[in-house]
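J.: Structure file query-v2.cif, mmCIF, C-alpha atoms and all ligand atoms, is pasted below:
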data_upload
loop_
_atom_site.label_atom_id
_atom_site.label_comp_id
_atom_site.auth_asym_id
_atom_site.auth_seq_id
_atom_site.Cartn_x
_atom_site.Cartn_y
_atom_site.Cartn_z
CA MET A 29 5.47 13.59 -43.24
CA GLN A 30 9.15 12.85 -43.70
CA LEU A 31 8.96 9.15 -42.92
CA ALA A 32 12.62 8.81 -43.79
CA ALA A 33 13.41 10.59 -40.54
CA VAL A 34 11.67 7.81 -38.66
CA GLY A 35 14.19 5.41 -40.14
CA SER A 36 14.94 1.86 -39.04
CA SER A 37 15.71 0.57 -35.54
CA CYS A 38 19.20 -0.17 -34.33
CA ARG A 39 20.53 -3.55 -35.37
CA ALA A 40 24.24 -3.02 -34.67
CA ASP A 41 25.58 -4.57 -31.46
CA SER A 42 28.45 -2.10 -31.58
CA CYS A 43 26.09 0.90 -31.35
CA SER A 44 26.60 2.94 -28.18
CA CYS A 45 22.84 2.81 -27.45
CA HIS A 46 23.39 -0.69 -26.03
CA ARG A 47 25.97 0.48 -23.48
CA PRO A 48 25.06 1.89 -20.06
CA GLU A 49 27.54 4.77 -20.53
CA GLY A 50 26.27 5.38 -24.07
CA ASP A 51 24.16 8.28 -25.30
CA ARG A 52 20.87 8.26 -23.35
CA TYR A 53 18.80 9.79 -26.12
CA LEU A 54 20.22 7.35 -28.66
CA ALA A 55 19.14 4.50 -26.34
CA VAL A 56 15.54 5.68 -26.73
CA PHE A 57 15.92 6.69 -30.38
CA HIS A 58 17.08 3.21 -31.39
CA LEU A 59 14.23 1.26 -29.78
CA VAL A 60 11.95 -0.65 -32.16
CA HIS A 61 8.96 1.29 -33.52
CA HIS A 62 7.29 -1.21 -35.92
CA LEU A 63 6.12 1.49 -38.33
CA ALA A 64 6.23 -1.00 -41.20
CA GLU A 65 3.87 -3.43 -39.39
CA CYS A 66 1.54 -0.73 -38.06
CA HIS A 67 -2.03 -0.70 -39.48
CA THR A 68 -2.49 2.13 -41.99
CA GLU A 69 -5.31 3.64 -39.96
CA ASP A 70 -3.27 3.61 -36.72
CA ALA A 71 -0.25 5.08 -38.53
CA TYR A 72 -2.49 7.86 -39.86
CA HIS A 73 -3.80 8.72 -36.36
CA TYR A 74 -0.32 8.65 -34.80
CA GLY A 75 1.01 10.76 -37.68
CA ARG A 76 -1.73 13.33 -37.24
CA ALA A 77 -1.06 13.50 -33.48
CA ALA A 78 2.67 14.00 -34.17
CA ALA A 79 1.99 16.76 -36.71
CA THR A 80 -0.40 18.51 -34.32
CA LEU A 81 2.18 18.38 -31.53
CA ALA A 82 4.89 19.81 -33.81
CA VAL A 83 2.63 22.70 -34.84
CA PHE A 84 1.74 23.27 -31.18
CA LEU A 85 5.44 23.44 -30.27
CA ALA A 86 6.05 25.97 -33.05
CA GLU A 87 3.05 28.20 -32.38
CA ARG A 88 2.62 28.04 -28.62
CA THR A 89 6.07 27.37 -27.13
CA ALA A 90 9.67 28.55 -27.34
CA PHE A 91 10.78 25.05 -28.35
CA PHE A 92 12.32 26.22 -31.65
CA GLY A 93 13.98 29.20 -29.95
CA ALA A 94 13.06 32.87 -29.95
CA GLY A 95 15.19 33.36 -33.08
CA ALA A 96 12.49 31.76 -35.19
CA GLY A 97 10.61 35.08 -35.05
CA SER A 98 7.04 35.52 -36.20
CA ALA A 99 7.71 33.43 -39.32
CA GLY A 100 8.14 30.35 -37.09
CA PRO A 101 10.67 27.56 -37.64
CA PRO A 102 11.68 26.63 -41.19
CA ASP A 103 9.51 24.01 -42.84
CA TRP A 104 12.21 21.31 -42.73
CA ALA A 105 12.60 21.73 -38.92
CA LEU A 106 8.86 21.40 -38.42
CA ARG A 107 8.70 18.24 -40.55
CA TRP A 108 11.77 16.77 -38.88
CA THR A 109 10.29 17.37 -35.40
CA ALA A 110 6.95 15.84 -36.40
CA ALA A 111 8.72 12.75 -37.78
CA LEU A 112 10.69 12.37 -34.52
CA LEU A 113 7.49 12.70 -32.51
CA LEU A 114 5.85 10.02 -34.67
CA ARG A 115 8.82 7.75 -34.03
CA HIS A 116 8.52 8.24 -30.27
CA ILE A 117 4.74 7.76 -30.22
CA LEU A 118 5.20 4.45 -32.04
CA GLN A 119 7.97 3.49 -29.61
CA LEU A 120 5.70 4.23 -26.64
CA VAL A 121 3.11 1.77 -28.00
CA CYS A 122 5.51 -1.19 -28.01
CA ASN A 123 8.13 -0.23 -25.39
CA ALA A 124 6.50 1.78 -22.64
CA HIS A 125 6.27 0.72 -19.01
CA ALA A 126 3.58 1.96 -16.66
CA PRO A 127 4.91 2.93 -13.22
CA THR A 128 2.21 2.13 -10.68
CA LYS A 129 1.61 2.56 -7.01
CA LEU A 130 -0.58 0.62 -4.63
CA VAL A 131 -3.22 2.68 -2.87
CA PRO A 132 -5.81 1.64 -0.30
CA LEU A 133 -9.35 1.82 -1.69
CA PRO A 134 -11.66 4.13 0.27
CA SER A 135 -13.75 2.10 2.71
CA ASP A 136 -17.39 1.79 1.60
CA GLY A 137 -18.34 2.58 5.17
CA ASP A 138 -20.83 -0.27 5.67
CA GLY A 139 -18.65 -2.05 8.20
CA ASP A 140 -16.23 -4.21 6.23
CA GLY A 141 -14.70 -5.50 9.46
CA GLY A 142 -11.55 -3.39 9.11
CA VAL A 143 -10.45 -5.27 5.97
CA VAL A 144 -8.10 -3.13 3.82
CA GLN A 145 -8.63 -3.30 0.04
CA LEU A 146 -5.78 -2.14 -2.21
CA SER A 147 -5.73 -1.17 -5.85
CA GLU A 148 -2.86 -0.61 -8.25
CA GLN A 149 -2.83 2.85 -9.84
CA ARG A 150 -0.94 3.76 -12.98
CA ILE A 151 0.89 7.04 -12.37
CA ALA A 152 2.82 7.52 -15.64
CA THR A 153 3.91 6.08 -18.96
CA ALA A 154 7.67 5.82 -19.28
CA ILE A 155 10.46 4.42 -21.43
CA TYR A 156 13.20 2.34 -19.79
CA PRO A 157 15.49 1.48 -22.72
CA SER A 158 17.45 -1.32 -21.04
CA ALA A 159 14.25 -3.00 -19.78
CA SER A 160 12.90 -2.82 -23.33
CA TYR A 161 15.55 -5.32 -24.44
CA MET A 162 13.72 -8.10 -22.58
CA ASN A 163 11.59 -10.32 -24.78
CA HIS A 164 8.14 -11.52 -23.86
CA SER A 165 7.03 -14.82 -22.37
CA CYS A 166 3.50 -15.63 -21.17
CA ASP A 167 5.27 -17.24 -18.18
CA PRO A 168 7.91 -14.58 -17.37
CA SER A 169 11.08 -15.03 -15.33
CA ILE A 170 10.91 -11.56 -13.76
CA ILE A 171 8.48 -9.14 -12.14
CA ASN A 172 8.80 -5.38 -12.50
CA SER A 173 8.08 -2.98 -9.68
CA PHE A 174 8.67 0.71 -9.12
CA TRP A 175 10.26 2.82 -6.44
CA GLY A 176 9.09 6.24 -7.48
CA ASN A 177 10.35 6.42 -11.06
CA THR A 178 12.98 3.73 -10.60
CA LEU A 179 12.17 0.44 -12.28
CA ILE A 180 13.16 -2.60 -10.22
CA VAL A 181 13.45 -5.98 -11.93
CA ARG A 182 13.35 -9.05 -9.69
CA SER A 183 13.63 -12.65 -10.87
CA ILE A 184 10.91 -15.08 -9.81
CA LYS A 185 12.67 -18.15 -11.19
CA SER A 186 16.17 -19.45 -10.81
CA LEU A 187 18.09 -18.44 -13.90
CA SER A 188 21.20 -20.19 -15.14
CA ALA A 189 24.12 -18.09 -16.38
CA GLY A 190 23.54 -16.88 -19.92
CA ALA A 191 19.82 -17.80 -19.92
CA GLU A 192 17.50 -15.28 -21.56
CA VAL A 193 15.45 -13.18 -19.13
CA TYR A 194 11.79 -12.93 -20.12
CA HIS A 195 9.32 -10.26 -19.20
CA CYS A 196 5.53 -10.50 -19.65
CA TYR A 197 4.21 -7.65 -21.86
CA GLY A 198 0.71 -8.08 -20.48
CA PRO A 199 -0.82 -11.24 -21.92
CA HIS A 200 -0.06 -13.72 -19.11
CA TYR A 201 -0.89 -17.43 -19.31
CA ALA A 202 -3.08 -17.26 -16.20
CA ARG A 203 -5.16 -14.34 -17.46
CA GLY A 204 -6.10 -15.27 -20.99
CA ALA A 205 -6.42 -18.18 -23.43
CA PRO A 206 -3.58 -18.67 -25.95
CA SER A 207 -5.69 -17.43 -28.89
CA GLU A 208 -6.54 -14.20 -27.04
CA ARG A 209 -2.89 -13.67 -25.99
CA HIS A 210 -1.69 -14.18 -29.56
CA ARG A 211 -4.17 -11.65 -30.88
CA GLN A 212 -3.03 -9.02 -28.35
CA LEU A 213 0.68 -9.62 -28.91
CA LEU A 214 0.33 -9.53 -32.69
CA GLU A 215 -1.73 -6.36 -32.60
CA GLN A 216 0.50 -4.36 -30.25
CA TYR A 217 3.95 -5.97 -30.58
CA HIS A 218 3.78 -7.63 -34.01
CA PHE A 219 5.10 -11.09 -33.16
CA THR A 220 3.78 -14.58 -32.41
CA CYS A 221 4.72 -15.96 -29.00
CA ASP A 222 6.24 -19.43 -28.91
CA CYS A 223 6.80 -19.75 -25.16
CA GLU A 224 6.10 -23.09 -23.46
CA HIS A 225 2.62 -22.01 -22.38
CA CYS A 226 1.78 -21.21 -26.00
CA THR A 227 3.22 -24.35 -27.58
CA ARG A 228 2.91 -27.26 -25.12
CA PRO A 229 -0.68 -28.60 -25.30
CA GLU A 230 -0.87 -29.57 -21.61
CA LEU A 231 0.13 -26.01 -20.63
CA ALA A 232 -1.89 -24.26 -23.34
CA HIS A 233 -5.08 -25.63 -21.72
CA HIS A 234 -4.24 -24.15 -18.29
CA LEU A 235 -7.47 -22.15 -17.91
CA GLU A 236 -9.69 -24.86 -19.39
CA ARG A 237 -8.28 -27.39 -16.93
CA LEU A 238 -8.97 -25.09 -13.98
CA ASN A 239 -12.48 -24.38 -15.23
CA ALA A 240 -13.14 -28.01 -16.14
CA LEU A 241 -16.56 -29.56 -15.62
CA ARG A 242 -16.90 -32.92 -13.90
CA CYS A 243 -17.45 -35.94 -16.17
CA ALA A 244 -21.08 -37.13 -16.13
CA ASP A 245 -19.83 -40.74 -15.85
CA CYS A 246 -16.81 -40.75 -13.54
CA CYS A 247 -16.55 -37.17 -12.08
CA GLY A 248 -13.13 -36.72 -13.76
CA ALA A 249 -12.13 -33.41 -15.41
CA THR A 250 -13.40 -32.78 -18.94
CA LEU A 251 -11.90 -30.57 -21.66
CA PRO A 252 -13.56 -29.10 -24.78
CA VAL A 253 -13.25 -31.42 -27.77
CA ASP A 254 -12.61 -28.73 -30.36
CA GLU A 255 -10.03 -25.94 -30.19
CA ALA A 256 -12.60 -23.14 -30.13
CA GLY A 257 -14.16 -24.36 -26.86
CA GLY A 258 -17.77 -25.41 -27.36
CA GLU A 259 -20.07 -27.60 -25.31
CA ARG A 260 -18.76 -31.05 -26.24
CA ARG A 261 -16.22 -32.19 -23.64
CA ARG A 262 -14.05 -35.25 -23.32
CA CYS A 263 -13.20 -36.76 -19.93
CA LEU A 264 -9.46 -36.91 -19.24
CA LYS A 265 -9.99 -40.06 -17.15
CA CYS A 266 -12.55 -42.29 -18.92
CA ARG A 267 -12.17 -40.56 -22.36
CA ARG A 268 -15.98 -40.50 -22.88
CA THR A 269 -17.41 -37.50 -24.73
CA HIS A 270 -20.70 -35.79 -23.88
CA CYS A 271 -22.48 -32.55 -24.64
CA TYR A 272 -22.31 -30.44 -21.48
CA SER A 273 -24.60 -27.57 -22.49
CA ASP A 274 -27.02 -28.26 -19.59
CA ARG A 275 -24.20 -28.20 -16.99
CA LEU A 276 -22.72 -25.03 -18.46
CA GLN A 277 -26.10 -23.31 -18.38
CA ARG A 278 -26.79 -24.48 -14.83
CA LEU A 279 -23.44 -23.07 -13.65
CA GLN A 280 -24.25 -19.73 -15.26
CA ARG A 281 -27.63 -19.68 -13.53
CA ILE A 282 -26.03 -20.60 -10.18
CA GLU A 283 -23.66 -17.65 -10.50
CA ALA A 284 -26.45 -15.28 -11.52
CA GLU A 285 -28.65 -16.40 -8.62
CA ALA A 286 -25.76 -16.09 -6.15
CA GLU A 287 -25.12 -12.52 -7.29
CA GLN A 288 -28.79 -11.68 -6.96
CA VAL A 289 -29.09 -13.29 -3.52
CA ALA A 290 -25.89 -11.63 -2.25
CA SER A 291 -26.88 -8.15 -3.43
CA ALA A 292 -30.36 -8.47 -1.92
CA GLY A 293 -28.95 -9.43 1.52
CA GLY A 294 -28.38 -7.17 4.48
CA GLY A 295 -29.54 -7.05 8.07
CA SER A 296 -31.31 -10.15 9.34
CA GLY A 297 -31.47 -11.56 5.78
CA ASP A 298 -27.72 -12.24 5.76
CA ARG A 299 -28.07 -15.61 7.50
CA GLN A 300 -30.52 -16.84 4.84
CA VAL A 301 -28.18 -15.55 2.12
CA VAL A 302 -25.33 -17.63 3.55
CA CYS A 303 -27.60 -20.71 3.69
CA ARG A 304 -28.62 -20.26 0.05
CA LEU A 305 -24.99 -19.71 -1.00
CA ASP A 306 -24.09 -22.96 0.80
CA GLU A 307 -26.69 -24.83 -1.26
CA LEU A 308 -25.53 -23.23 -4.51
CA LEU A 309 -21.91 -24.02 -3.65
CA ARG A 310 -22.74 -27.69 -3.06
CA GLU A 311 -24.50 -27.83 -6.41
CA ALA A 312 -21.65 -26.07 -8.25
CA ALA A 313 -19.10 -28.39 -6.62
CA ALA A 314 -21.01 -31.41 -7.96
CA LEU A 315 -20.92 -30.00 -11.51
CA ALA A 316 -17.40 -28.57 -11.73
CA GLN A 317 -13.86 -28.93 -10.42
CA PRO A 318 -13.09 -27.18 -7.08
CA SER A 319 -10.91 -24.67 -8.97
CA HIS A 320 -13.80 -23.63 -11.28
CA GLU A 321 -14.39 -19.89 -11.54
CA THR A 322 -18.01 -20.13 -10.36
CA VAL A 323 -16.98 -21.99 -7.18
CA TYR A 324 -14.33 -19.30 -6.59
CA ILE A 325 -16.82 -16.45 -7.07
CA LEU A 326 -19.38 -18.07 -4.74
CA HIS A 327 -16.78 -18.62 -2.01
CA ASP A 328 -15.68 -15.01 -2.42
CA MET A 329 -19.24 -13.73 -1.91
CA ARG A 330 -19.76 -16.05 1.05
CA ALA A 331 -16.49 -14.93 2.66
CA ASN A 332 -17.44 -11.25 2.28
CA ILE A 333 -20.89 -11.68 3.80
CA CYS A 334 -19.66 -13.90 6.64
CA THR A 335 -16.90 -11.39 7.49
CA ARG A 336 -19.45 -8.59 7.51
CA ILE A 337 -21.79 -10.40 9.91
CA GLY A 338 -18.87 -11.52 12.08
CA ASP A 339 -19.14 -15.24 11.27
CA LEU A 340 -15.39 -15.56 10.94
CA THR A 341 -15.29 -19.37 11.05
CA ARG A 342 -17.46 -19.59 7.93
CA ALA A 343 -15.56 -16.74 6.25
CA LEU A 344 -12.33 -18.69 6.72
CA GLU A 345 -14.00 -21.86 5.39
CA SER A 346 -14.45 -20.00 2.09
CA LEU A 347 -11.16 -18.11 2.07
CA ARG A 348 -8.99 -21.23 2.49
CA PRO A 349 -10.15 -23.08 -0.65
CA ASN A 350 -9.90 -19.81 -2.58
CA LEU A 351 -6.25 -19.42 -1.55
CA ALA A 352 -5.59 -22.84 -3.09
CA SER A 353 -7.55 -21.87 -6.23
CA ALA A 354 -5.74 -18.53 -6.60
CA GLU A 355 -2.39 -20.28 -6.30
CA ALA A 356 -3.33 -22.89 -8.92
CA ARG A 357 -4.81 -20.28 -11.24
CA TYR A 358 -2.35 -17.38 -10.99
CA GLY A 359 0.75 -18.96 -9.47
CA ALA A 360 2.46 -18.96 -6.08
CA ASP A 361 4.14 -15.56 -6.79
CA SER A 362 1.01 -13.87 -8.07
CA VAL A 363 -0.32 -10.58 -6.82
CA GLU A 364 -3.83 -12.11 -6.93
CA LEU A 365 -2.75 -14.64 -4.30
CA GLY A 366 -1.06 -11.80 -2.37
CA ASN A 367 -4.27 -9.76 -2.29
CA LEU A 368 -6.25 -12.74 -1.05
CA LEU A 369 -3.61 -13.29 1.64
CA LEU A 370 -4.16 -9.69 2.77
CA THR A 371 -7.89 -10.31 3.15
CA THR A 372 -7.43 -13.71 4.81
CA THR A 373 -4.91 -12.41 7.35
CA ASP A 374 -7.30 -9.55 8.19
CA VAL A 375 -10.04 -12.06 8.96
CA LEU A 376 -7.61 -14.30 10.86
CA MET A 377 -6.52 -11.32 12.98
CA LEU A 378 -10.14 -10.71 13.98
CA ALA A 379 -10.61 -14.44 14.64
CA VAL A 380 -7.49 -14.61 16.85
CA ARG A 381 -8.88 -11.80 19.01
CA GLU A 382 -12.23 -13.56 19.35
CA ALA A 383 -10.88 -17.07 19.93
CA ARG A 384 -12.48 -18.69 22.98
CA THR A 385 -9.81 -21.25 23.79
CA THR A 386 -6.03 -21.01 24.00
CA GLU A 387 -5.69 -23.86 21.55
CA THR A 388 -7.88 -22.24 18.88
CA ARG A 389 -6.05 -18.98 19.36
CA ARG A 390 -2.72 -20.69 18.90
CA GLU A 391 -3.87 -22.51 15.74
CA LEU A 392 -5.24 -19.33 14.18
CA SER A 393 -2.11 -17.36 15.14
CA ASP A 394 0.09 -19.99 13.52
CA GLU A 395 -2.00 -19.91 10.36
CA LEU A 396 -1.90 -16.12 10.26
CA GLN A 397 1.88 -16.08 10.64
CA ARG A 398 2.36 -18.68 7.91
CA LEU A 399 0.11 -16.80 5.47
CA ALA A 400 1.59 -13.40 6.33
CA GLU A 401 5.13 -14.67 5.68
CA ASN A 402 3.93 -16.02 2.35
CA GLY A 403 2.39 -12.64 1.50
CA LEU A 404 5.55 -10.75 2.50
CA GLY A 405 7.48 -12.75 -0.10
CA ILE A 406 4.93 -11.96 -2.80
CA PHE A 407 4.73 -8.23 -2.06
CA THR A 408 8.51 -7.89 -1.82
CA ILE A 409 8.67 -9.16 -5.40
CA HIS A 410 5.77 -7.12 -6.75
CA TYR A 411 5.88 -3.82 -4.89
CA GLY A 412 8.87 -3.78 -2.54
CA GLU A 413 9.22 -3.57 1.22
CA TRP A 414 8.02 0.03 1.27
CA SER A 415 4.59 -0.87 -0.14
CA PRO A 416 1.43 -0.47 1.97
CA ALA A 417 0.64 -4.17 1.43
CA TYR A 418 4.03 -5.26 2.78
CA ARG A 419 3.80 -2.92 5.76
CA ASP A 420 0.24 -4.07 6.47
CA LEU A 421 1.38 -7.70 6.72
CA ARG A 422 4.40 -6.73 8.88
CA ARG A 423 2.08 -4.91 11.26
CA LYS A 424 -0.24 -7.92 11.49
CA LEU A 425 2.72 -10.19 12.23
CA ALA A 426 3.83 -7.89 15.05
CA ASP A 427 0.25 -7.67 16.40
CA VAL A 428 -0.35 -11.41 16.36
CA ARG A 429 2.87 -12.00 18.27
CA LEU A 430 1.56 -9.68 20.97
CA GLU A 431 -1.71 -11.65 21.05
CA GLN A 432 0.20 -14.92 21.37
CA PRO A 433 -0.70 -16.87 24.54
CA THR A 434 2.30 -17.18 26.82
ZN ZN A 501 21.70 1.75 -31.51
ZN ZN A 502 3.39 -17.30 -24.91
ZN ZN A 503 -15.15 -39.75 -17.11
#
Go ahead and express the file in the form of structure tokens.
Ligand SMILES: [Zn+2]
Ligand SMILES: [Zn+2]
Ligand SMILES: [Zn+2]

T.:
Amino acid sequence: MQLAAVGSSCRADSCSCHRPEGDRYLAVFHLVHHLAECHTEDAYHYGRAAATLAVFLAERTAFFGAGAGSAGPPDWALRWTAALLLRHILQLVCNAHAPTKLVPLPSDGDGDGGVVQLSEQRIATAIYPSASYMNHSCDPSIINSFWGNTLIVRSIKSLSAGAEVYHCYGPHYARGAPSERHRQLLEQYHFTCDCEHCTRPELAHHLERLNALRCADCCGATLPVDEAGGERRRCLKCRRTHCYSDRLQRLQRIEAEAEQVASAGGGSGDRQVVCRLDELLREAAALAQPSHETVYILHDMRANICTRIGDLTRALESLRPNLASAEARYGADSVELGNLLLTTTDVLMLAVREARTTETRRELSDELQRLAENGLGIFTIHYGEWSPAYRDLRRKLADVRLEQPT
């Protein structure tokens, strides 16, 4: 393999690859490829794929032109093409974007109360050279979305003139611990992140704080004593340290039992399932902070079952605290919060239609409108006004205004 052809990345600011009117192929050609940092084994596999593709082009396509004849392209052309392909494969690994679209999941048909579930589907892998200039932060200042193949970049923070614009390459502070994020970034992008969420201790413990157990002495939040987690926790309020292995195990068992109970439900058993989930929720709430993952999961199960059996009041009792948890966990602009707003507004719509008194109907309508407006903002940022999620919320807003008591 002629590795020389892979060459170094562009370092010159004067190079035309940095200019919008510059050469479009050069803009891709000069992106970083990190061949030098690539693991030997990975480099070997990428190299073999590139060589195979070059041979395929020579033997099965007219890529090298008909003039090549039965002898095929000259050896240097084959090697040069393979080296270019290797360069572009490496560039895909650390520069590619994944255009996605939001599609409604097929209904499972067991009467989900008309609640629409959406999932994000990757439709391609693409290079957008100018977007590749953005560096990573675990707490990004922008969100990418797609309109067909067009990449749209929207800011989610106010940016002062000249401030650097950060994009999240995947490892986001709300979705992984700092050690896990660092491993991923080093492996794929070959750098160590020093964003605020990676360096400021009070931010680096974001997930641990949300998943904190209650102190055995004062009910305050406790954090692991050593960096690697573990069962010894120190209370942030009274500073006492205890071993919390029994509480951790109990929470695991609560979650396992809830899953078992929820999956065994159905028919007339649903009421008992909700009662048992209520008991488990009370127990979990005594052991852990309200934002704890187990509490969230239990509320989620309870909301699903209550929606299915038409107990909308109880479903909303579980959806409301989860909205607060999702916001604390993933952020006010997060798609996770947006998806929960879709579900909650669906349930609210049903509840508005069933409301017995004018006052209840008005309260529920107001809540629905407030949450739908919130969701519209989130989906505009993430998917655009043409997305099914955005249109779904718009439709609900129009419907609830028709239901409004006059
Ligand atoms: Zn260049
Ligand atoms: Zn970071
Ligand atoms: Zn305490």

J.: Given the choices A:Pro157, A:Pro206, A:Gly100, A:Gly359, which gets closest to ligand ZN 501 (chain A) if the distance is worked out from all atoms listed in the file?

T.: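 Of all the options, A:Pro157 lies closest to ligand ZN 501 (chain A).
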
J.: I need the residue nearest A:Cys247 from this list: A:Ser362, A:Gln317, A:Thr220, A:Thr372. Use all atoms listed in the file for the distance.

T.: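 The closest residue to A:Cys247 is A:Gln317.
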
J.: Can you work out the spacing between atom CA of A:Tyr324 and atom CA of A:Ser353 in Å, to one decimal?

T.: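 Computing the Euclidean distance for atom CA of A:Tyr324 and atom CA of A:Ser353 yields 7.3 Å.
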
J.: Which value, in Å to one decimal, gives the distance between atom CA of A:Cys38 and atom CA of A:His58?

T.: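 Spanning atom CA of A:Cys38 to atom CA of A:His58 is a straight-line distance of 5.0 Å.
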
J.: Excluding A:Gly176 and its own-chain neighbours fewer than 3 positions away, which residues fall within 10 Å of it when counting only C-alpha atoms? Please give them as a PyMOL selection string.

T.: chain A and resi 127-129+151+173+179

J.: Which residues form the shell of 10 Å around ligand ZN 503 (chain A) when you count only C-alpha atoms and all ligand atoms, given as a VMD selection string?

T.: chain A and resid 242 to 250 262 to 270

J.: Mind listing the residues within 10 Å of ligand ZN 501 (chain A), only C-alpha atoms and all ligand atoms counted, as a list in words?

T.: Ser37, Cys38, Arg39, Ala40, Asp41, Ser42, Cys43, Ser44, Cys45, His46, Arg47, Gly50, Asp51, Leu54, Ala55, Val56, Phe57, His58 and Leu59 of chain A
